[in-house]
Amino acid sequence: MRERETVRRWHGYGQPDWNQTSGPPEGRQTGGTDGEIMNWNQREVRTNARIQLLDITGVVAAELEKSGVQTGVCHVYVPHTTAGLTINENADPDVARDIIATLNRLVPATGDYRHVEGNSDAHVKASIMGFSAIVPVIDGHLALGTWQALYFCEFDGPRHRHVVIGISGE
């Protein structure tokens with residue numbers, strides 16, 4: 001029952017306090033589908049600009065290596081409302097610049113927003129990008145395409161953020 005309470009608190013009542021014994025501490029194992037074990041870890045991400053796409057592939061790959069999983073799935077989740085996650089090209093830095101420029105044209109920093117904190121554009125941009133990604137694990141590696149990388153998408157920085165990584169398989 002404790003796991004269900006943790007999930008309900010996580011999804012229904014805001015960001016979990018990872019320091020509480022009822023929340024998933026570092027390396028917490030939770031039951032996956034068909035009796036598999038899912039290892040969850042949280043990693044800090046530091047951004048240095050208001051809007052930034054930060055390649056976190058290495059951070060996620062390091063967690064995968066520590067897990068020892070050879071075949072399975074890697075879940076990556078961003079527990080923030082003004083930051084997101086995407087998979088895109090990492091060979092040419094202009095791709096990240098083009099994504100940011102396009103989002104800025106689609107959702108300008110100022111506009112007819114009602115949210116009083118002044119960061120409405122960040123909420124909208126994060127919602128467009130999404131908050132999670134699932135990557136297959138094959139032969140102990142993230143099965144990303146040749147030019148693909150996982151990007152943490154900051155839209156209200158600079159900040160100290162977190163990314164939650166869950167790995168299951170064998």
# chains A, B, ... in the order shown; residues from 1 in each chain; ligands from 1
>>> residues_around(residues="Phe155 of chain A", least_positions_apart="6", cutoff="6 Å", atoms="only C-alpha atoms", output="list of chain:residue names")
A:Arg50, A:Ile51, A:Thr82, A:Ala83, A:Ala122
>>> write_last_selection(atoms="N, CA and C atoms", output="short mmCIF file (atom, residue, chain, number, x, y, z; two decimals), in the first residue's frame")
data_model
loop_
_atom_site.label_atom_id
_atom_site.label_comp_id
_atom_site.auth_asym_id
_atom_site.auth_seq_id
_atom_site.Cartn_x
_atom_site.Cartn_y
_atom_site.Cartn_z
N ARG A 50 17.58 31.93 -19.06
CA ARG A 50 16.13 31.84 -18.92
C ARG A 50 15.57 30.75 -19.81
N ILE A 51 16.05 30.69 -21.06
CA ILE A 51 15.61 29.66 -21.99
C ILE A 51 16.85 28.93 -22.49
N THR A 82 7.56 24.64 -15.62
CA THR A 82 8.14 25.59 -16.57
C THR A 82 9.42 25.05 -17.22
N ALA A 83 9.56 23.75 -17.18
CA ALA A 83 10.67 23.07 -17.86
C ALA A 83 10.12 21.80 -18.49
N ALA A 122 6.63 30.47 -20.22
CA ALA A 122 7.39 29.29 -19.81
C ALA A 122 6.47 28.09 -19.59
#
>>> select_by_dssp(residues="segment 18-141 of chain A", states="strand (DSSP E or B)", output="PyMOL selection string")
chain A and resi 28-31+37-46+52-55+72-77+83-89+132-138+141
>>> atom_distance(atom1="atom CA of His80 of chain A", atom2="atom CA of Ile99 of chain A")
19.6 Å
>>> select_by_dssp(residues="segment 6-166 of chain A", states="helix (DSSP H, G or I)", output="PyMOL selection string")
chain A and resi 6-12+33-35+57-67+93-106+120-129
>>> atom_distance(atom1="atom CA of Asn90 of chain A", atom2="atom CA of Val107 of chain A")
23.6 Å
>>> closest_residue(among="A:Val73, A:Met129, A:Leu85, A:Ala91", to="Ile167 of chain A", atoms="only C-alpha atoms")
A:Val73
>>> atom_distance(atom1="atom CA of Thr57 of chain A", atom2="atom CA of His75 of chain A")
12.3 Å
>>> closest_residue(among="A:Thr81, A:Gln42, A:Thr71, A:Gln148", to="Asp121 of chain A", atoms="only C-alpha atoms")
A:Thr81
>>> residues_around(residues="Glu65 of chain A", least_positions_apart="3", cutoff="12 Å", atoms="only C-alpha atoms", output="PyMOL selection string")
chain A and resi 58-62+68-71+74+137-142+167
>>> closest_residue(among="A:Leu103, A:Ile87, A:Val76, A:Cys153", to="Leu64 of chain A", atoms="only C-alpha atoms")
A:Val76
>>> closest_residue(among="A:Ser132, A:Ser120, A:Ser168, A:Thr146", to="Pro79 of chain A", atoms="only C-alpha atoms")
A:Ser132
>>> closest_residue(among="A:Ala96, A:Gly130, A:Gln52, A:Ile37", to="Arg159 of chain A", atoms="only C-alpha atoms")
A:Gln52
>>> closest_residue(among="A:Pro136, A:Pro93, A:Gly145, A:Pro158", to="Arg46 of chain A", atoms="only C-alpha atoms")
A:Pro158
